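Trainee: Input file: protein.csv. Contents: CSV, C-alpha atoms.
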```
chain,number,residue,atom,x,y,z
W,533,MET,CA,84.3,79.5,113.8
W,534,GLU,CA,85.7,79.8,110.3
W,535,LEU,CA,86.3,76.0,109.7
W,536,LEU,CA,82.7,75.3,110.5
W,537,LYS,CA,81.3,78.2,108.4
W,538,GLU,CA,83.4,77.1,105.4
W,539,ARG,CA,82.0,73.6,105.8
W,540,ILE,CA,78.4,74.8,105.9
W,541,LEU,CA,79.0,76.8,102.7
W,542,THR,CA,80.6,73.8,101.0
W,543,ASP,CA,78.4,71.0,102.2
W,544,GLY,CA,75.3,72.5,103.7
W,545,VAL,CA,72.1,72.3,101.5
W,546,VAL,CA,69.2,74.8,101.9
W,547,LYS,CA,65.8,73.2,101.5
W,548,PRO,CA,62.4,74.9,101.2
W,549,GLY,CA,61.0,76.1,104.5
W,550,ASN,CA,64.2,77.4,105.9
W,551,VAL,CA,65.7,74.0,106.4
W,552,LEU,CA,69.5,73.7,106.4
W,553,LYS,CA,70.7,70.2,105.8
W,554,VAL,CA,74.1,69.4,107.3
W,555,ASP,CA,73.6,65.7,107.4
W,556,SER,CA,76.8,65.0,105.5
W,557,PHE,CA,79.0,66.1,108.4
W,558,LEU,CA,77.0,66.9,111.5
W,559,ASN,CA,73.7,65.0,112.2
W,560,HIS,CA,73.5,61.8,110.2
W,561,GLN,CA,77.0,61.3,108.9
W,562,MET,CA,79.5,62.9,111.4
W,563,ASP,CA,82.9,64.2,110.5
W,564,ILE,CA,84.8,63.4,113.7
W,565,ASP,CA,87.8,65.6,113.0
W,566,LEU,CA,85.5,68.6,112.5
W,567,ILE,CA,83.5,67.7,115.6
W,568,ASN,CA,86.8,67.5,117.5
W,569,GLU,CA,87.6,71.1,116.5
W,570,ILE,CA,84.1,72.1,117.5
W,571,GLY,CA,84.7,70.5,121.0
W,572,ARG,CA,88.0,72.3,121.3
W,573,GLU,CA,86.3,75.6,120.4
W,574,PHE,CA,83.6,75.1,123.0
W,575,ARG,CA,86.3,74.7,125.6
W,576,ARG,CA,88.0,77.9,124.5
W,577,ARG,CA,84.7,79.8,124.8
W,578,PHE,CA,83.7,78.2,128.1
W,579,PRO,CA,87.0,78.0,130.0
W,580,SER,CA,85.4,77.8,133.5
W,581,GLU,CA,86.8,75.1,135.8
W,582,LYS,CA,83.5,75.0,137.6
W,583,ILE,CA,81.7,72.9,135.0
W,584,THR,CA,80.8,69.5,136.4
W,585,LYS,CA,78.4,68.1,133.7
W,586,ILE,CA,77.6,68.6,130.0
W,587,LEU,CA,73.9,68.2,129.3
W,588,THR,CA,72.5,67.5,125.8
W,589,ILE,CA,69.4,66.0,124.3
W,590,GLU,CA,69.0,62.9,122.1
W,591,SER,CA,69.9,62.2,119.4
W,592,SER,CA,72.0,64.5,117.3
W,593,GLY,CA,73.5,66.4,120.3
W,594,ILE,CA,75.0,63.3,121.9
W,595,GLY,CA,78.0,62.7,119.6
W,596,ILE,CA,79.0,66.4,119.7
W,597,ALA,CA,78.6,66.5,123.5
W,598,CYS,CA,80.7,63.4,124.0
W,599,ILE,CA,83.6,64.6,121.8
W,600,ALA,CA,83.5,68.0,123.5
W,601,ALA,CA,83.4,66.5,127.0
W,602,GLN,CA,86.9,65.2,126.4
W,603,TYR,CA,88.1,68.8,126.7
W,604,PHE,CA,86.2,69.4,129.9
W,605,HIS,CA,86.9,66.1,131.7
W,606,VAL,CA,83.3,65.8,132.9
W,607,PRO,CA,80.5,63.3,132.2
W,608,VAL,CA,77.8,63.9,129.6
W,609,VAL,CA,74.1,63.5,130.5
W,610,PHE,CA,71.7,63.3,127.7
W,611,ALA,CA,68.0,64.1,128.2
W,612,LYS,CA,65.7,61.5,126.7
W,613,LYS,CA,62.7,62.0,124.6
W,614,ALA,CA,59.8,59.8,125.8
W,615,GLN,CA,56.5,59.6,124.1
W,616,SER,CA,54.7,58.2,127.1
W,617,ILE,CA,56.2,58.0,130.6
W,618,ASN,CA,55.2,57.4,134.1
W,619,ILE,CA,56.2,60.4,136.1
W,620,ASP,CA,57.3,58.7,139.3
W,621,GLY,CA,59.3,61.3,141.1
W,622,GLU,CA,62.6,59.9,140.1
W,623,ILE,CA,63.0,62.1,137.1
W,624,TYR,CA,63.0,65.8,136.0
W,625,HIS,CA,60.5,66.3,133.3
W,626,THR,CA,59.6,68.9,130.8
W,627,LYS,CA,57.8,69.2,127.5
W,628,VAL,CA,59.4,70.3,124.2
W,629,GLU,CA,57.6,71.2,121.1
W,630,SER,CA,59.3,70.2,117.9
W,631,PHE,CA,58.3,72.5,115.0
W,632,THR,CA,60.2,70.3,112.5
W,633,HIS,CA,58.2,67.2,113.6
W,634,LYS,CA,55.0,69.0,114.6
W,635,LYS,CA,55.0,67.1,117.9
W,636,VAL,CA,55.3,67.6,121.6
W,637,TYR,CA,57.8,65.4,123.4
W,638,ASP,CA,58.2,64.6,127.0
W,639,VAL,CA,61.8,65.2,127.9
W,640,ILE,CA,63.3,63.6,131.0
W,641,VAL,CA,66.5,63.3,133.0
W,642,SER,CA,67.0,61.0,135.9
W,643,LYS,CA,67.3,62.9,139.2
W,644,LYS,CA,70.4,60.7,139.9
W,645,PHE,CA,72.4,62.6,137.4
W,646,LEU,CA,71.6,66.3,138.0
W,647,GLY,CA,71.6,68.0,141.4
W,648,PRO,CA,72.1,71.3,143.2
W,649,GLU,CA,75.9,70.8,143.3
W,650,ASP,CA,76.2,70.7,139.5
W,651,HIS,CA,77.4,73.4,137.2
W,652,VAL,CA,76.1,72.5,133.8
W,653,LEU,CA,77.1,73.4,130.2
W,654,VAL,CA,74.4,72.7,127.6
W,655,ILE,CA,75.6,71.6,124.2
W,656,ASP,CA,73.4,71.0,121.2
W,657,ASP,CA,73.7,71.0,117.4
W,658,PHE,CA,71.0,73.5,116.4
W,659,LEU,CA,69.2,76.5,117.9
W,660,ALA,CA,66.2,77.8,116.0
W,661,ASN,CA,63.1,78.7,118.0
W,662,GLY,CA,64.8,77.7,121.2
W,663,CYS,CA,62.2,75.2,122.5
W,664,ALA,CA,64.7,72.3,123.1
W,665,LEU,CA,67.2,74.6,124.8
W,666,MET,CA,64.5,76.2,127.0
W,667,GLY,CA,63.5,72.7,127.9
W,668,LEU,CA,67.0,71.7,129.0
W,669,ILE,CA,67.4,75.0,130.9
W,670,SER,CA,64.1,74.2,132.7
W,671,LEU,CA,65.4,70.7,133.7
W,672,ILE,CA,68.6,72.3,135.1
W,673,ARG,CA,66.6,74.8,137.1
W,674,ASP,CA,64.3,72.0,138.4
W,675,ALA,CA,67.5,70.2,139.7
W,676,GLY,CA,68.6,73.4,141.5
W,677,ALA,CA,71.9,73.2,139.4
W,678,THR,CA,73.8,76.2,138.0
W,679,ILE,CA,73.7,76.9,134.3
W,680,GLU,CA,77.2,77.8,133.2
W,681,GLY,CA,76.2,78.4,129.6
W,682,ALA,CA,75.0,76.9,126.3
W,683,GLY,CA,77.2,76.0,123.4
W,684,ILE,CA,75.4,75.6,120.0
W,685,VAL,CA,77.0,74.5,116.7
W,686,ILE,CA,74.6,76.3,114.3
W,687,GLU,CA,72.1,79.0,115.3
W,688,LYS,CA,69.4,80.2,112.9
W,689,GLY,CA,69.7,83.9,113.8
W,690,PHE,CA,66.5,84.7,111.9
W,691,GLN,CA,64.5,82.7,114.4
W,692,GLN,CA,63.8,83.9,117.9
W,693,GLY,CA,65.6,81.3,120.1
W,694,GLY,CA,69.0,83.0,120.4
W,695,LYS,CA,67.5,86.3,121.3
W,696,LEU,CA,65.2,84.8,123.9
W,697,ILE,CA,68.0,82.9,125.6
W,698,ARG,CA,70.4,85.9,125.5
W,699,GLU,CA,67.7,88.0,127.1
W,700,THR,CA,67.7,85.7,130.1
W,701,GLY,CA,71.3,86.5,130.7
W,702,ILE,CA,72.5,83.0,129.9
W,703,HIS,CA,76.0,82.8,128.4
W,704,LEU,CA,75.2,81.5,124.9
W,705,GLU,CA,77.8,80.8,122.3
W,706,SER,CA,76.9,79.7,118.8
W,707,LEU,CA,79.8,78.7,116.6
W,708,ALA,CA,78.0,79.8,113.4
W,709,VAL,CA,75.0,82.2,113.4
W,710,ILE,CA,73.1,82.3,110.1
W,711,ASP,CA,71.3,85.6,109.6
W,712,SER,CA,69.6,84.7,106.3
W,713,MET,CA,69.2,81.8,104.0
W,714,THR,CA,67.9,81.5,100.5
W,715,ASP,CA,68.2,78.7,97.9
W,716,ASP,CA,71.4,80.1,96.6
W,717,SER,CA,72.9,82.2,99.4
W,718,LEU,CA,73.6,82.0,103.1
W,719,THR,CA,74.7,84.9,105.2
W,720,PHE,CA,76.5,84.6,108.5
W,721,ARG,CA,76.2,87.2,111.3
N,551,MET,CA,87.6,44.1,129.0
N,552,GLU,CA,88.4,44.1,132.8
N,553,LEU,CA,87.8,47.8,133.4
N,554,LEU,CA,84.3,47.6,131.9
N,555,LYS,CA,83.4,44.4,133.8
N,556,GLU,CA,84.5,45.9,137.1
N,557,ARG,CA,82.4,49.0,136.4
N,558,ILE,CA,79.3,46.9,135.5
N,559,LEU,CA,79.8,45.0,138.8
N,560,THR,CA,80.2,48.3,140.8
N,561,ASP,CA,77.6,50.5,139.1
N,562,GLY,CA,75.3,48.2,137.1
N,563,VAL,CA,71.8,47.5,138.6
N,564,VAL,CA,69.9,44.4,137.7
N,565,LYS,CA,66.1,45.0,137.5
N,566,PRO,CA,63.3,42.5,137.1
N,567,GLY,CA,62.9,41.0,133.6
N,568,ASN,CA,66.6,40.6,132.9
N,569,VAL,CA,67.1,44.3,132.6
N,570,LEU,CA,70.6,45.6,133.3
N,571,LYS,CA,70.7,49.3,134.1
N,572,VAL,CA,74.0,50.9,133.2
N,573,ASP,CA,72.6,54.4,132.9
N,574,SER,CA,75.1,55.9,135.4
N,575,PHE,CA,78.0,55.4,133.0
N,576,LEU,CA,76.9,54.2,129.6
N,577,ASN,CA,73.5,55.2,128.2
N,578,HIS,CA,72.0,58.2,130.1
N,579,GLN,CA,75.0,59.6,132.0
N,580,MET,CA,78.2,58.8,130.1
N,581,ASP,CA,81.6,58.4,131.6
N,582,ILE,CA,83.8,59.8,128.8
N,583,ASP,CA,87.1,58.4,130.2
N,584,LEU,CA,85.6,54.9,130.3
N,585,ILE,CA,84.1,55.3,126.8
N,586,ASN,CA,87.5,56.4,125.6
N,587,GLU,CA,89.0,53.2,126.8
N,588,ILE,CA,86.2,51.3,125.2
N,589,GLY,CA,87.0,53.1,121.9
N,590,ARG,CA,90.7,52.2,122.2
N,591,GLU,CA,89.8,48.5,122.9
N,592,PHE,CA,87.5,48.4,119.8
N,593,ARG,CA,90.5,49.6,117.7
N,594,ARG,CA,92.7,46.9,119.2
N,595,ARG,CA,90.1,44.2,118.3
N,596,PHE,CA,89.4,45.6,114.8
N,597,PRO,CA,92.9,46.7,113.6
N,598,SER,CA,91.9,46.5,109.9
N,599,GLU,CA,93.0,49.5,107.9
N,600,LYS,CA,90.2,48.9,105.4
N,601,ILE,CA,87.4,50.3,107.6
N,602,THR,CA,85.9,53.4,106.0
N,603,LYS,CA,82.8,54.0,108.1
N,604,ILE,CA,81.5,53.3,111.6
N,605,LEU,CA,77.7,52.6,111.6
N,606,THR,CA,75.6,52.8,114.7
N,607,ILE,CA,71.9,53.5,115.6
N,608,GLU,CA,70.4,56.3,117.6
N,609,SER,CA,70.5,57.1,120.4
N,610,SER,CA,72.7,55.4,122.9
N,611,GLY,CA,75.2,54.1,120.3
N,612,ILE,CA,76.1,57.5,119.0
N,613,GLY,CA,78.4,58.8,121.7
N,614,ILE,CA,80.3,55.5,121.9
N,615,ALA,CA,80.7,55.3,118.1
N,616,CYS,CA,81.9,59.0,118.0
N,617,ILE,CA,84.5,58.5,120.7
N,618,ALA,CA,85.6,55.2,119.1
N,619,ALA,CA,85.8,56.8,115.6
N,620,GLN,CA,88.7,58.9,116.8
N,621,TYR,CA,90.9,55.8,116.9
N,622,PHE,CA,89.8,54.8,113.4
N,623,HIS,CA,89.9,58.2,111.7
N,624,VAL,CA,86.7,57.5,109.8
N,625,PRO,CA,83.2,59.2,109.9
N,626,VAL,CA,80.3,57.9,111.9
N,627,VAL,CA,77.0,57.3,110.3
N,628,PHE,CA,74.0,56.8,112.6
N,629,ALA,CA,70.9,55.0,111.4
N,630,LYS,CA,67.7,56.9,112.4
N,631,LYS,CA,64.6,55.5,113.9
N,632,ALA,CA,61.6,57.0,112.1
N,633,GLN,CA,58.0,56.2,113.1
N,634,SER,CA,56.6,57.3,109.8
N,635,ILE,CA,58.6,57.9,106.7
N,636,ASN,CA,58.1,58.4,103.0
N,637,ILE,CA,60.2,55.8,101.3
N,638,ASP,CA,61.4,57.8,98.4
N,639,GLY,CA,64.3,55.8,97.1
N,640,GLU,CA,66.9,58.0,98.7
N,641,ILE,CA,67.3,55.8,101.7
N,642,TYR,CA,68.1,52.3,102.8
N,643,HIS,CA,65.3,51.1,105.0
N,644,THR,CA,64.7,48.2,107.4
N,645,LYS,CA,62.4,47.4,110.3
N,646,VAL,CA,63.7,46.7,113.9
N,647,GLU,CA,61.6,45.2,116.6
N,648,SER,CA,62.3,46.6,120.1
N,649,PHE,CA,61.4,44.0,122.8
N,650,THR,CA,62.1,46.6,125.5
N,651,HIS,CA,59.7,49.1,124.0
N,652,LYS,CA,57.3,46.5,122.4
N,653,LYS,CA,57.4,48.5,119.1
N,654,VAL,CA,58.5,48.1,115.6
N,655,TYR,CA,60.7,51.0,114.3
N,656,ASP,CA,61.5,51.9,110.7
N,657,VAL,CA,65.3,52.4,110.6
N,658,ILE,CA,66.8,54.4,107.8
N,659,VAL,CA,70.2,55.5,106.4
N,660,SER,CA,70.6,57.9,103.6
N,661,LYS,CA,72.0,56.3,100.4
N,662,LYS,CA,74.5,59.2,100.3
N,663,PHE,CA,76.4,57.8,103.2
N,664,LEU,CA,76.8,54.1,102.6
N,665,GLY,CA,77.8,52.6,99.3
N,666,PRO,CA,79.6,49.5,97.7
N,667,GLU,CA,83.0,51.1,98.3
N,668,ASP,CA,82.5,51.2,102.1
N,669,HIS,CA,84.0,48.8,104.7
N,670,VAL,CA,81.8,49.2,107.7
N,671,LEU,CA,82.3,48.5,111.4
N,672,VAL,CA,79.1,48.5,113.4
N,673,ILE,CA,79.3,49.7,117.0
N,674,ASP,CA,76.5,49.6,119.6
N,675,ASP,CA,76.0,49.6,123.3
N,676,PHE,CA,73.9,46.5,123.8
N,677,LEU,CA,73.3,43.1,122.1
N,678,ALA,CA,70.5,41.0,123.4
N,679,ASN,CA,68.1,39.4,120.9
N,680,GLY,CA,70.1,40.9,118.0
N,681,CYS,CA,67.2,42.7,116.2
N,682,ALA,CA,69.0,46.1,116.1
N,683,LEU,CA,72.3,44.6,114.9
N,684,MET,CA,70.5,42.4,112.3
N,685,GLY,CA,68.8,45.5,111.0
N,686,LEU,CA,72.1,47.4,110.7
N,687,ILE,CA,73.7,44.5,108.9
N,688,SER,CA,70.7,44.4,106.5
N,689,LEU,CA,71.2,48.1,105.7
N,690,ILE,CA,74.9,47.5,105.0
N,691,ARG,CA,74.1,44.6,102.7
N,692,ASP,CA,71.5,46.7,100.9
N,693,ALA,CA,74.2,49.3,100.3
N,694,GLY,CA,76.5,46.6,98.8
N,695,ALA,CA,79.1,47.5,101.4
N,696,THR,CA,81.4,45.1,103.2
N,697,ILE,CA,80.8,44.3,106.8
N,698,GLU,CA,84.1,44.4,108.7
N,699,GLY,CA,82.6,43.4,112.0
N,700,ALA,CA,80.5,44.5,114.9
N,701,GLY,CA,81.7,45.8,118.2
N,702,ILE,CA,79.4,45.7,121.2
N,703,VAL,CA,79.9,47.0,124.7
N,704,ILE,CA,77.7,44.6,126.6
N,705,GLU,CA,76.3,41.4,125.3
N,706,LYS,CA,73.5,39.5,127.1
N,707,GLY,CA,75.0,36.1,126.4
N,708,PHE,CA,71.8,34.3,127.7
N,709,GLN,CA,69.8,35.8,124.8
N,710,GLN,CA,70.2,34.6,121.2
N,711,GLY,CA,71.6,37.6,119.4
N,712,GLY,CA,75.3,36.9,119.8
N,713,LYS,CA,74.9,33.3,118.7
N,714,LEU,CA,72.8,34.2,115.6
N,715,ILE,CA,75.3,36.9,114.5
N,716,ARG,CA,78.4,34.6,115.1
N,717,GLU,CA,76.7,31.9,113.0
N,718,THR,CA,76.6,34.2,110.0
N,719,GLY,CA,80.4,34.4,110.2
N,720,ILE,CA,80.5,38.1,111.1
N,721,HIS,CA,83.4,39.1,113.3
N,722,LEU,CA,81.6,40.0,116.5
N,723,GLU,CA,83.5,41.4,119.5
N,724,SER,CA,81.6,42.1,122.8
N,725,LEU,CA,83.7,43.7,125.5
N,726,ALA,CA,81.6,42.2,128.3
N,727,VAL,CA,79.4,39.1,127.8
N,728,ILE,CA,77.0,38.4,130.6
N,729,ASP,CA,76.1,34.7,130.9
N,730,SER,CA,73.6,35.0,133.7
N,731,MET,CA,72.1,37.6,135.9
N,732,THR,CA,70.0,37.5,139.0
N,733,ASP,CA,69.1,40.3,141.5
N,734,ASP,CA,72.3,39.6,143.5
N,735,SER,CA,74.8,38.1,141.1
N,736,LEU,CA,76.1,38.6,137.6
N,737,THR,CA,78.3,36.1,135.8
N,738,PHE,CA,80.6,37.0,132.9
N,739,ARG,CA,81.5,34.5,130.2
```
Written as structure tokens, that's how I'd like the structure from this file.

Mentor:
Amino acid sequence: MELLKERILTDGVVKPGNVLKVDSFLNHQMDIDLINEIGREFRRRFPSEKITKILTIESSGIGIACIAAQYFHVPVVFAKKAQSINIDGEIYHTKVESFTHKKVYDVIVSKKFLGPEDHVLVIDDFLANGCALMGLISLIRDAGATIEGAGIVIEKGFQQGGKLIRETGIHLESLAVIDSMTDDSLTFR
Amino acid sequence: MELLKERILTDGVVKPGNVLKVDSFLNHQMDIDLINEIGREFRRRFPSEKITKILTIESSGIGIACIAAQYFHVPVVFAKKAQSINIDGEIYHTKVESFTHKKVYDVIVSKKFLGPEDHVLVIDDFLANGCALMGLISLIRDAGATIEGAGIVIEKGFQQGGKLIRETGIHLESLAVIDSMTDDSLTFR
């Protein structure tokens, strides 16, 4: 998606440790016009009329998923990160390791909001090692729902997540795939 | 807002301890058509052309703020909850006590995204004791920005937050104010 790539080149900041900061337009301050175009592009890439739910994970996926959902006319469900939970049979539960925060999160979705009848599109802001996305996919499988695909805004193509997900046969679309990143240059696939 | 009140009566669930669960349409699963109407109503109640930013707090405020922002044509900034942070002068910082989670959060906003030139509308899903909203207001004041008002989806009118905020003279609009709640009845103001 050219508009997005241009914005990453203009306003993205590369920090030590392969960190790409896009907090001026994507995940702290949010440029709603850009995110609207992102939502429209996700719809173009996932035109299926079967999709019944969009699933994302808190926090930075939520705004993108909500704006995108307007083009799909389906509800958004966001998985919650819980640091301690009672697993009482009312929720789907998985664990996600965050490399950025060096922490393992419990991630939960209420059973009320995902079921075997659902066709689910996952939307998230970043894909790097793939742990969060794998976690969401595992929740969808636990629910017996169908995975229609995963739409990612920025994929770090030099980490393994995208490859792992594509190998499972899941329809993965990343609007910008970064193949390499240094302090003064950034190459898209 | 009648559409919202009807939805609370139909799908809201009162739980012991004055907890109102609206997770089927507002803060776990999100009904995007309803939230779009909520966004439109916030614009009607805050018609000022001066507003430059919408400020909310993660997580459940983000989707509502993003959808609403489409009617204001301004960016959304969401304050982040951090459990341990280095305060390095680059951020505005406050503390917010969550009664639900019995925890004190550090809440931060990057100085890059709020400044004296900004006119800020705060949007959030719930107002109860007012701690989160007071925290956001304190961040706006630290930035030297102007508070244009606060738009809340559901106010628990039997808790003190709304009264405290209105006493400061801030323009507060809550789309549904609940005056009392029992297991089998719910009264709006």

Trainee: I'd like the contact shell of W:Gln602 - 8 Å cut-off, only C-alpha atoms, skipping same-chain residues fewer than 2 positions apart - returned as a list of chain:residue names.

Mentor: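 With the cut-off at 8 Å, the set is W:Gly571, W:Cys598, W:Ile599, W:Ala600, W:Phe604, W:His605, W:Val606, N:Ile582, N:Asp583.
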
Trainee: Would you mind telling me which residue in W:Ile589, W:Val546, W:Ile570, W:Ala682 lies nearest to chain N when using only C-alpha atoms?

Mentor: W:Ile589

Trainee: What does the distance from atom CA of N:Lys662 to atom CA of N:Ile697 come to in Å, to one decimal?

Mentor: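 Computing it gives 17.4 Å between the two atoms.
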
Trainee: Please provide as an MDAnalysis selection string all residues within 12 Å of W:Phe645, with the sequence filter that same-chain residues fewer than 4 positions apart are discarded (counting only C-alpha atoms).

Mentor: (chainID W and resid 584:587 607:611 622:624 640:641 649:652 671:672 675 677) or (chainID N and resid 573:575 577:581)

Trainee: From the list N:Phe596, N:Gly611, N:Asp656, N:Leu554, which residue is nearest chain W when using all atoms listed in the file?

Mentor: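 Of N:Phe596, N:Gly611, N:Asp656, N:Leu554, the one nearest chain W is N:Gly611, counting all atoms listed in the file.
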
Trainee: Using all atoms listed in the file, which protein or nucleic acid residues come within 9 Å of W:Leu659? Drop anything in the same chain fewer than 2 positions from it, and give the result as an NGL selection string.

Mentor: :W and (656-657 or 661-665 or 684-689 or 691 or 693-694 or 706)

Trainee: Rounded to one decimal place, report the atom CA of N:Met684-atom CA of N:Val657 distance in Å.

Mentor: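 Separation of atom CA of N:Met684 and atom CA of N:Val657: 11.4 Å.
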
Trainee: Name the residues in contact with N:Ser730 at a cut-off of 7 Å, using only C-alpha atoms, excluding same-chain residues fewer than 6 positions from it; report them as a list in words.

Mentor: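 Counting only the stated atoms, we get Phe708, Leu736 and Thr737 of chain N.
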
Trainee: Choose the residue, out of W:Arg721, W:Lys643, W:Arg698, W:His703, that has the smallest atom-to-atom separation from chain N; count only C-alpha atoms.

Mentor: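 The shortest atom-to-atom distance to chain N comes from W:Lys643.
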
Trainee: When you draw a straight line from atom CA of W:Gly676 to atom CA of W:Ile596, how long is it in Å?

Mentor: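 Atom-to-atom, atom CA of W:Gly676 and atom CA of W:Ile596 are spaced 25.1 Å apart.
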
Trainee: Between W:Ser717, W:Thr678, W:Thr626, W:Ser670, which has the minimum distance to W:Pro648 (counting all atoms listed in the file)?

Mentor: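 Checking each of W:Ser717, W:Thr678, W:Thr626, W:Ser670 against W:Pro648, counting all atoms listed in the file, the winner is W:Thr678.
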
Trainee: Would you mind telling me which residue in W:Glu534, W:Ala601, W:Ile669, W:Lys695 lies nearest to W:Arg575 when using all atoms listed in the file?

Mentor: W:Ala601

Trainee: I'd like the neighbourhood of N:Val654 as an MDAnalysis selection string, where a residue qualifies if any of its atoms comes within 9 Å (using only C-alpha atoms), though same-chain residues fewer than 4 positions away should be ignored.

Mentor: chainID N and resid 633 645:649

Trainee: Identify which of the residues N:Ile558, N:Ala632, N:Ile601, N:Val569 lies closest to chain W, counting all atoms listed in the file when measuring atom-to-atom distances.

Mentor: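 The answer is N:Ala632, which sits nearest to chain W.
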